[in-house]
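Everything below concerns the one structure shown next.
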Amino acid sequence: MERFGGLSPLARASFEELQQLKGIGKSKATAIRSAFLLAQRLSQESTREAPLLDTPERVAEALREPNRLYEVEHFQVVCLNTRRRLIAVENIAQGILDQVLVHARVHMGRGRRLRRLRHR
């Protein structure tokens, strides 16, 4: 952990970077990556009821952990029901370090399709 400077940088480390450490081969690198993925899923699963996202602060809080390890910009659409409860978070596009190119016309129908699927 000293080499990476903390848990977050360690979680972002690639398999190759982990294998460069003394005593870490493919299986240990896989175990380390799996442990971080499991921790991320566990934190997402801890909320049983869909969270209420009625303020920008609550949206940021809900998306902070799942997006913590991204090193580049990700454009996401947060789909809410009429009671402002989370239905889904759709990953639309991935960009570069500080920007992402998204064409709105391509994604306009995504919410309608998602709504139709939820009501079946």
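Identifiers in the structure tokens: chain A, B, ... in order shown; residue index from 1 per chain; ligand index from 1 in order shown.
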
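When DSSP is run on the backbone, the residues of segment 48-91 of chain A that fall into strand (DSSP E or B) are A:Leu52, A:His74, A:Phe75, A:Gln76, A:Val77, A:Val78, A:Cys79, A:Leu80, A:Arg85, A:Leu86, A:Ile87, A:Ala88, A:Val89, A:Glu90, A:Asn91.
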
Would you export the selected residues with C-alpha atoms as a PDB file, in the first residue's frame, please?
```
ATOM      1  CA  LEU A  52     -34.416   9.365  -2.392  1.00  0.00           C
ATOM      2  CA  HIS A  74     -18.075   9.161 -17.393  1.00  0.00           C
ATOM      3  CA  PHE A  75     -21.413  10.538 -18.556  1.00  0.00           C
ATOM      4  CA  GLN A  76     -24.275   8.928 -16.658  1.00  0.00           C
ATOM      5  CA  VAL A  77     -28.042   9.407 -16.676  1.00  0.00           C
ATOM      6  CA  VAL A  78     -29.818   9.022 -13.349  1.00  0.00           C
ATOM      7  CA  CYS A  79     -33.351   7.678 -13.871  1.00  0.00           C
ATOM      8  CA  LEU A  80     -35.829   8.524 -11.105  1.00  0.00           C
ATOM      9  CA  ARG A  85     -36.477   7.390  -5.998  1.00  0.00           C
ATOM     10  CA  LEU A  86     -33.638   5.845  -7.979  1.00  0.00           C
ATOM     11  CA  ILE A  87     -34.659   3.457 -10.758  1.00  0.00           C
ATOM     12  CA  ALA A  88     -31.312   3.067 -12.505  1.00  0.00           C
ATOM     13  CA  VAL A  89     -28.028   4.727 -13.384  1.00  0.00           C
ATOM     14  CA  GLU A  90     -27.223   4.360 -17.065  1.00  0.00           C
ATOM     15  CA  ASN A  91     -23.612   4.673 -18.216  1.00  0.00           C
TER      16      ASN A  91
END
```

If you count only C-alpha atoms, the residue of A:Arg84, A:Arg68, A:Arg41, A:Arg33 closest to Glu17 of chain A turns out to be A:Arg33

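Note that the spacing between atom CA of Gly25 of chain A and atom CA of Phe4 of chain A amounts to 17.1 Å.
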
Write down as a ChimeraX atom specification the residues belonging to segment 2-97 of chain A that are assigned alpha helix (DSSP H) by DSSP computed on the backbone. /A:7-12,15-19,26-45,56-67

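If you measure from each of A:Ala60, A:Val100, A:Leu53, A:Ala29 to Asn81 of chain A using only C-alpha atoms, the closest one turns out to be A:Leu53.
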
Residue contacts of Leu101 of chain A (10 Å, only C-alpha atoms) excluding same-chain residues fewer than 5 positions away, as an MDAnalysis selection string: chainID A and resid 73:75 93:96

Go ahead and write the selection's residues with N, CA and C atoms as a PDB file, in the first residue's frame.
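Heads up, here's the output in again.pdb:
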```
ATOM      1  N   GLU A  73     -13.525  10.839 -17.293  1.00  0.00           N
ATOM      2  CA  GLU A  73     -14.904  11.285 -17.192  1.00  0.00           C
ATOM      3  C   GLU A  73     -15.877  10.218 -17.682  1.00  0.00           C
ATOM      4  N   HIS A  74     -16.989  10.061 -16.992  1.00  0.00           N
ATOM      5  CA  HIS A  74     -18.075   9.161 -17.393  1.00  0.00           C
ATOM      6  C   HIS A  74     -19.361   9.970 -17.398  1.00  0.00           C
ATOM      7  N   PHE A  75     -20.123   9.858 -18.468  1.00  0.00           N
ATOM      8  CA  PHE A  75     -21.413  10.538 -18.556  1.00  0.00           C
ATOM      9  C   PHE A  75     -22.479   9.524 -18.182  1.00  0.00           C
ATOM     10  N   ALA A  93     -21.562   7.228 -21.727  1.00  0.00           N
ATOM     11  CA  ALA A  93     -20.316   7.382 -22.485  1.00  0.00           C
ATOM     12  C   ALA A  93     -19.141   7.530 -21.530  1.00  0.00           C
ATOM     13  N   GLN A  94     -17.983   7.177 -22.036  1.00  0.00           N
ATOM     14  CA  GLN A  94     -16.738   7.342 -21.298  1.00  0.00           C
ATOM     15  C   GLN A  94     -15.840   8.235 -22.129  1.00  0.00           C
ATOM     16  N   GLY A  95     -15.248   9.223 -21.492  1.00  0.00           N
ATOM     17  CA  GLY A  95     -14.436  10.180 -22.220  1.00  0.00           C
ATOM     18  C   GLY A  95     -12.962  10.027 -21.934  1.00  0.00           C
ATOM     19  N   ILE A  96     -12.299  11.177 -21.924  1.00  0.00           N
ATOM     20  CA  ILE A  96     -10.881  11.214 -21.592  1.00  0.00           C
ATOM     21  C   ILE A  96     -10.755  11.856 -20.213  1.00  0.00           C
TER      22      ILE A  96
END
```

How close does each residue of segment 27-111 of chain A get to segment 8-12 of chain A, giving the shortest atom pair and distance in Å to one decimal for every residue with an atom at most 12 Å away, counting only C-alpha atoms, sorted by chain and residue number, as JSON lines?
```
{"residue": "A:Ala29", "atom": "CA", "partner": "A:Ala11", "partner_atom": "CA", "distance": 10.8}
{"residue": "A:Thr30", "atom": "CA", "partner": "A:Ala11", "partner_atom": "CA", "distance": 11.6}
{"residue": "A:Ala31", "atom": "CA", "partner": "A:Ala11", "partner_atom": "CA", "distance": 11.6}
{"residue": "A:Ile32", "atom": "CA", "partner": "A:Ala11", "partner_atom": "CA", "distance": 8.1}
{"residue": "A:Arg33", "atom": "CA", "partner": "A:Ala11", "partner_atom": "CA", "distance": 6.9}
{"residue": "A:Ser34", "atom": "CA", "partner": "A:Ala11", "partner_atom": "CA", "distance": 9.7}
{"residue": "A:Ala35", "atom": "CA", "partner": "A:Ala11", "partner_atom": "CA", "distance": 9.1}
{"residue": "A:Phe36", "atom": "CA", "partner": "A:Ala11", "partner_atom": "CA", "distance": 6.1}
{"residue": "A:Leu37", "atom": "CA", "partner": "A:Ala11", "partner_atom": "CA", "distance": 8.6}
{"residue": "A:Leu38", "atom": "CA", "partner": "A:Ala11", "partner_atom": "CA", "distance": 11.3}
{"residue": "A:Ala39", "atom": "CA", "partner": "A:Ala11", "partner_atom": "CA", "distance": 10.4}
{"residue": "A:Gln40", "atom": "CA", "partner": "A:Ala11", "partner_atom": "CA", "distance": 10.2}
{"residue": "A:Glu65", "atom": "CA", "partner": "A:Ser8", "partner_atom": "CA", "distance": 10.8}
{"residue": "A:Asn67", "atom": "CA", "partner": "A:Arg12", "partner_atom": "CA", "distance": 11.4}
{"residue": "A:Arg68", "atom": "CA", "partner": "A:Ser8", "partner_atom": "CA", "distance": 7.9}
{"residue": "A:Leu69", "atom": "CA", "partner": "A:Arg12", "partner_atom": "CA", "distance": 5.9}
{"residue": "A:Tyr70", "atom": "CA", "partner": "A:Arg12", "partner_atom": "CA", "distance": 7.9}
{"residue": "A:Glu71", "atom": "CA", "partner": "A:Arg12", "partner_atom": "CA", "distance": 8.2}
{"residue": "A:Val72", "atom": "CA", "partner": "A:Arg12", "partner_atom": "CA", "distance": 11.7}
```
